[in-house]
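Containing compact mmCIF, C-alpha atoms: final-v8.txt.
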# COMPACT_ATOMS: atom_id res chain seq x y z
CA MET A 1413 0.00 0.00 0.00
CA ALA A 1414 1.30 3.45 -0.91
CA SER A 1415 1.82 5.87 1.95
CA SER A 1416 0.29 9.32 1.91
CA LEU A 1417 0.75 12.55 3.81
CA LEU A 1418 -1.90 15.21 3.30
CA ILE A 1419 -1.56 18.58 4.95
CA ASN A 1420 -5.00 19.94 5.85
CA GLN A 1421 -4.21 23.06 7.82
CA LEU A 1422 -1.32 25.02 9.33
CA ILE A 1423 -2.04 27.24 12.33
CA VAL A 1424 0.19 29.57 14.27
CA VAL A 1425 -1.66 30.04 17.54
CA GLY A 1426 -1.06 33.60 18.61
CA ARG A 1427 -1.49 35.74 21.66
CA ASN A 1428 -4.37 37.78 20.20
CA LYS A 1429 -5.36 35.81 17.09
CA ASN A 1430 -4.53 32.69 15.15
CA TYR A 1431 -2.92 32.66 11.72
CA THR A 1432 -4.38 29.88 9.57
CA VAL A 1433 -3.46 28.45 6.17
CA ASN A 1434 -5.87 25.92 4.71
CA PHE A 1435 -4.73 23.38 2.13
CA ASN A 1436 -6.75 21.44 -0.44
CA PRO A 1437 -6.18 17.87 -1.60
CA GLY A 1438 -3.67 17.76 -4.45
CA VAL A 1439 -1.05 20.32 -5.35
CA ASN A 1440 -1.19 23.66 -3.53
CA ILE A 1441 0.75 26.64 -4.84
CA ILE A 1442 1.92 29.22 -2.34
CA TYR A 1443 2.53 32.57 -4.00
CA GLY A 1444 2.56 36.25 -3.13
CA ASP A 1445 4.64 39.39 -2.89
CA SER A 1446 7.92 39.57 -1.01
CA ALA A 1447 7.70 39.37 2.77
CA THR A 1448 4.14 38.02 2.84
CA GLY A 1449 4.88 34.73 4.64
CA LYS A 1450 5.50 32.17 1.90
CA SER A 1451 8.82 31.03 3.38
CA SER A 1452 7.31 31.07 6.87
CA ILE A 1453 4.64 28.61 5.75
CA LEU A 1454 7.17 26.20 4.24
CA ASN A 1455 9.57 26.52 7.16
CA LEU A 1456 6.78 25.91 9.69
CA ILE A 1457 5.67 22.76 7.84
CA ASP A 1458 9.27 21.58 7.76
CA TYR A 1459 9.64 22.29 11.49
CA LEU A 1460 6.37 20.56 12.40
CA LEU A 1461 7.53 17.51 10.46
CA GLY A 1462 10.70 17.27 12.52
CA ALA A 1463 13.26 19.91 11.52
CA LYS A 1464 15.69 20.71 14.32
CA HIS A 1465 14.84 24.40 14.57
CA PHE A 1466 12.60 27.14 13.25
CA ASP A 1467 14.00 30.54 12.36
CA LEU A 1468 11.56 33.02 13.84
CA TYR A 1469 10.25 35.84 11.73
CA PRO A 1470 9.50 39.16 13.50
CA GLU A 1471 5.69 38.91 13.35
CA ILE A 1472 5.62 35.30 14.50
CA GLU A 1473 8.13 36.04 17.25
CA SER A 1474 6.08 38.94 18.59
CA ALA A 1475 2.61 37.45 18.22
CA GLY A 1476 2.94 33.65 18.11
CA ARG A 1477 2.71 31.10 20.90
CA TYR A 1478 3.02 27.72 19.15
CA ALA A 1479 2.37 26.07 15.78
CA VAL A 1480 -0.02 23.31 14.79
CA LEU A 1481 -0.19 21.11 11.71
CA ASP A 1482 -3.40 19.22 10.94
CA VAL A 1483 -2.43 16.27 8.73
CA THR A 1484 -3.81 13.05 7.36
CA LEU A 1485 -1.28 10.21 7.43
CA ASN A 1486 -2.52 7.15 5.54
CA GLU A 1487 -6.15 8.13 6.12
CA ASP A 1488 -5.70 8.75 9.86
CA ARG A 1489 -6.12 12.35 11.02
CA TYR A 1490 -3.61 13.90 13.45
CA THR A 1491 -2.86 17.33 14.85
CA ILE A 1492 0.80 18.01 15.58
CA LYS A 1493 1.55 20.77 18.10
CA ARG A 1494 5.04 22.13 18.61
CA ASP A 1495 6.59 25.00 20.54
CA ILE A 1496 8.15 27.49 18.11
CA PHE A 1497 10.48 29.04 20.69
CA ASP A 1498 12.05 25.91 22.17
CA ALA A 1499 12.76 23.07 19.74
CA SER A 1500 13.83 20.76 22.57
CA LYS A 1501 10.33 20.58 24.08
CA LEU A 1502 8.24 17.49 23.49
CA ILE A 1503 6.06 17.41 20.38
CA GLU A 1504 2.40 16.73 21.06
CA VAL A 1505 0.33 14.63 18.66
CA PHE A 1506 -3.46 14.48 18.94
CA PRO A 1507 -5.35 11.66 17.17
CA CYS A 1508 -7.88 14.03 15.59
CA GLU A 1509 -8.39 17.14 13.49
CA TYR A 1510 -7.42 20.50 14.98
CA GLY A 1511 -10.98 21.51 15.87
CA LYS A 1512 -11.33 18.52 18.21
CA ILE A 1513 -8.04 18.59 20.19
CA GLU A 1514 -9.85 19.63 23.37
CA GLU A 1515 -11.65 16.24 23.28
CA PHE A 1516 -8.48 14.13 23.09
CA SER A 1517 -5.27 13.76 25.04
CA ALA A 1518 -1.97 14.11 23.22
CA THR A 1519 0.84 11.62 22.98
CA LYS A 1520 4.15 13.37 23.59
CA TYR A 1521 7.25 12.58 21.55
CA LEU A 1522 10.93 13.44 21.80
CA PRO A 1523 11.89 15.85 19.01
CA ASN A 1524 15.25 14.17 18.31
CA PHE A 1525 17.13 10.95 18.97
CA LYS A 1526 18.49 12.07 22.33
CA ALA A 1527 17.04 10.27 25.33
CA ASN A 1528 15.58 12.57 27.96
CA SER A 1529 15.68 11.42 31.59
CA ASN A 1530 12.65 13.63 32.36
CA TYR A 1531 10.60 11.53 29.92
CA PRO A 1532 12.02 8.00 30.11
CA ASN A 1533 9.03 6.41 28.35
CA ALA A 1534 8.73 8.93 25.52
CA VAL A 1535 9.52 7.65 22.04
CA PHE A 1536 10.99 9.57 19.16
CA TYR A 1537 8.74 11.73 16.99
CA SER A 1538 10.40 10.42 13.85
CA GLU A 1539 9.35 6.89 14.79
CA PHE A 1540 5.74 8.05 15.14
CA LEU A 1541 5.87 9.50 11.60
CA PHE A 1542 7.49 6.37 10.14
CA ASN A 1543 4.93 4.12 11.85
CA ALA A 1544 1.94 6.29 10.87
CA LEU A 1545 3.10 6.18 7.24
CA ASN A 1546 3.90 2.44 7.34
CA PHE A 1547 7.60 3.06 6.67
CA ASN A 1548 10.26 0.85 8.18
CA ASN A 1549 12.56 2.39 10.77
CA ILE A 1550 15.92 2.49 9.08
CA LYS A 1551 19.49 2.50 10.33
CA ILE A 1552 22.42 3.37 8.10
CA LYS A 1553 26.16 3.32 8.63
CA GLU A 1554 27.65 6.68 9.58
CA SER A 1555 30.55 5.98 7.25
CA PRO A 1556 29.72 3.21 4.78
CA SER A 1557 33.38 2.69 3.82
CA LYS A 1558 34.50 1.87 7.38
CA ASP A 1559 33.85 -1.62 8.72
CA ASP A 1560 33.60 -0.43 12.33
CA SER A 1561 31.22 2.43 11.56
CA GLU A 1562 28.19 2.57 13.85
CA LEU A 1563 24.64 2.33 12.67
CA VAL A 1564 22.56 5.49 13.15
CA ARG A 1565 18.86 6.04 12.75
CA LEU A 1566 17.53 7.65 9.63
CA SER A 1567 14.92 10.19 10.70
CA PHE A 1568 11.75 11.11 8.89
CA ARG A 1569 13.31 14.55 8.39
CA ASP A 1570 16.32 12.92 6.68
CA LEU A 1571 13.95 11.23 4.26
CA PHE A 1572 11.80 14.33 3.85
CA LYS A 1573 14.68 16.66 3.00
CA TYR A 1574 15.38 14.68 -0.16
CA CYS A 1575 11.87 15.56 -1.38
CA TYR A 1576 12.01 19.28 -0.56
CA VAL A 1577 12.75 21.64 -3.44
CA ASP A 1578 14.36 24.91 -2.39
CA GLN A 1579 13.92 27.55 -5.07
CA ASP A 1580 17.21 29.20 -4.06
CA ASP A 1581 19.09 25.97 -4.77
CA LEU A 1582 17.62 25.90 -8.25
CA GLY A 1583 18.96 29.36 -8.98
CA SER A 1584 15.64 31.04 -9.66
CA LYS A 1585 13.46 33.04 -7.31
CA LYS A 1586 10.61 32.63 -9.82
CA PHE A 1587 10.38 28.83 -9.67
Let me see the structure of the file written as structure tokens.
Amino acid sequence: MASSLLINQLIVVGRNKNYTVNFNPGVNIIYGDSATGKSSILNLIDYLLGAKHFDLYPEIESAGRYAVLDVTLNEDRYTIKRDIFDASKLIEVFPCEYGKIEEFSATKYLPNFKANSNYPNAVFYSEFLFNALNFNNIKIKESPSKDDSELVRLSFRDLFKYCYVDQDDLGSKKF
């Protein structure tokens, strides 16, 4: 069975108001004038899918509290909530759409592969994403040419970054 990831909604929950971007099934094109938030949208999605940090933009830094991504992973709906100011905090995943998170409790995941003695039973967020998408957890050699090289986990973010097209890398701001 093919795996699927559908982004339904991105929300930056703010102090005075929420900033919401709705997505439709299929291809969505994000366009607009300079400094209107296009990069913020892509960077927030990247961060909510496991990137190590989020570079704050002035408006988000002054008005935001946390970010939420409402996704469908292989037909199961989840809401991912992550602190935008402290990337080391646990990532909360609710088994429902954003509008129903008050009705469900969240499962909390470690944002990286570093064990945290404060949360000895927490599992890694990347493993949640792999499992939800029916991907195998993968380990690769740090240095394939060395026999004694240790195996390290491949994160969902490692896999995801190979699919991400950065317009600056292509040499055209008009891509």
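Near Asn1524 of chain A, within a cut-off of 9 Å and counting only C-alpha atoms, sit the residues Gly1462, Lys1464, Ser1500, Phe1536, Tyr1537, Ser1538 and Ser1567 of chain A, with same-chain residues fewer than 4 positions away left out.
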- Message: Give me, as a VMD selection string, all polymer residues having an atom no more than 9 Å from Ser1452 of chain A, counting only C-alpha atoms and skipping those fewer than 4 positions away in the same chain.
- Response: chain A and resid 1448 1456 to 1457 1467 to 1469 1472
- Task: List every protein, DNA or RNA residue with an atom no more than 6 Å from (11.3, 1.6, 13.6) in the file's coordinates, counting all atoms listed in the file, and format the result as a VMD selection string.
- Result: chain A and resid 1539 1548 to 1549
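Distances here use only C-alpha atoms; by that measure, the residue among A:Asn1436, A:Asn1486, A:Thr1491, A:Asn1430 closest to Leu1461 of chain A is A:Thr1491.
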- Message: Between atom CA of Ala1527 of chain A and atom CA of Phe1506 of chain A, what is the distance in Å, rounded to a tenth?
- Response: 21.9 Å
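Picture a line from atom CA of Val1535 of chain A to atom CA of Asp1559 of chain A; it runs 29.2 Å.
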- Message: I'd like to know which of A:Phe1497, A:Phe1466, A:Glu1562, A:Thr1519 is closest to Ser1451 of chain A, using all atoms listed in the file.
- Response: A:Phe1466
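Pairwise distance (atom CA of Leu1418 of chain A, atom CA of Arg1477 of chain A) equals 24.2 Å.
Among the candidates A:Asp1458, A:Ile1453, A:Val1480, A:Leu1502, the residue lying nearest to Ile1423 of chain A is A:Val1480 (atoms considered: only C-alpha atoms).
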- If you count all atoms listed in the file, which residues fall within 9 Å of Asp1488 of chain A, apart from same-chain ones fewer than 6 positions away, as a PyMOL selection string? chain A and resi 1507-1508+1544
Would you export the selected residues with C-alpha atoms as a PDB file, in the frame of the given file, please?
ATOM      1  CA  PRO A1507      -5.350  11.660  17.170  1.00  0.00           C
ATOM      2  CA  CYS A1508      -7.880  14.030  15.590  1.00  0.00           C
ATOM      3  CA  ALA A1544       1.940   6.290  10.870  1.00  0.00           C
TER       4      ALA A1544
END
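Between Tyr1431 of chain A and the candidates A:Lys1526, A:Glu1471, A:His1465, A:Phe1542, the tightest atom-to-atom separation, counting only C-alpha atoms, involves A:Glu1471.
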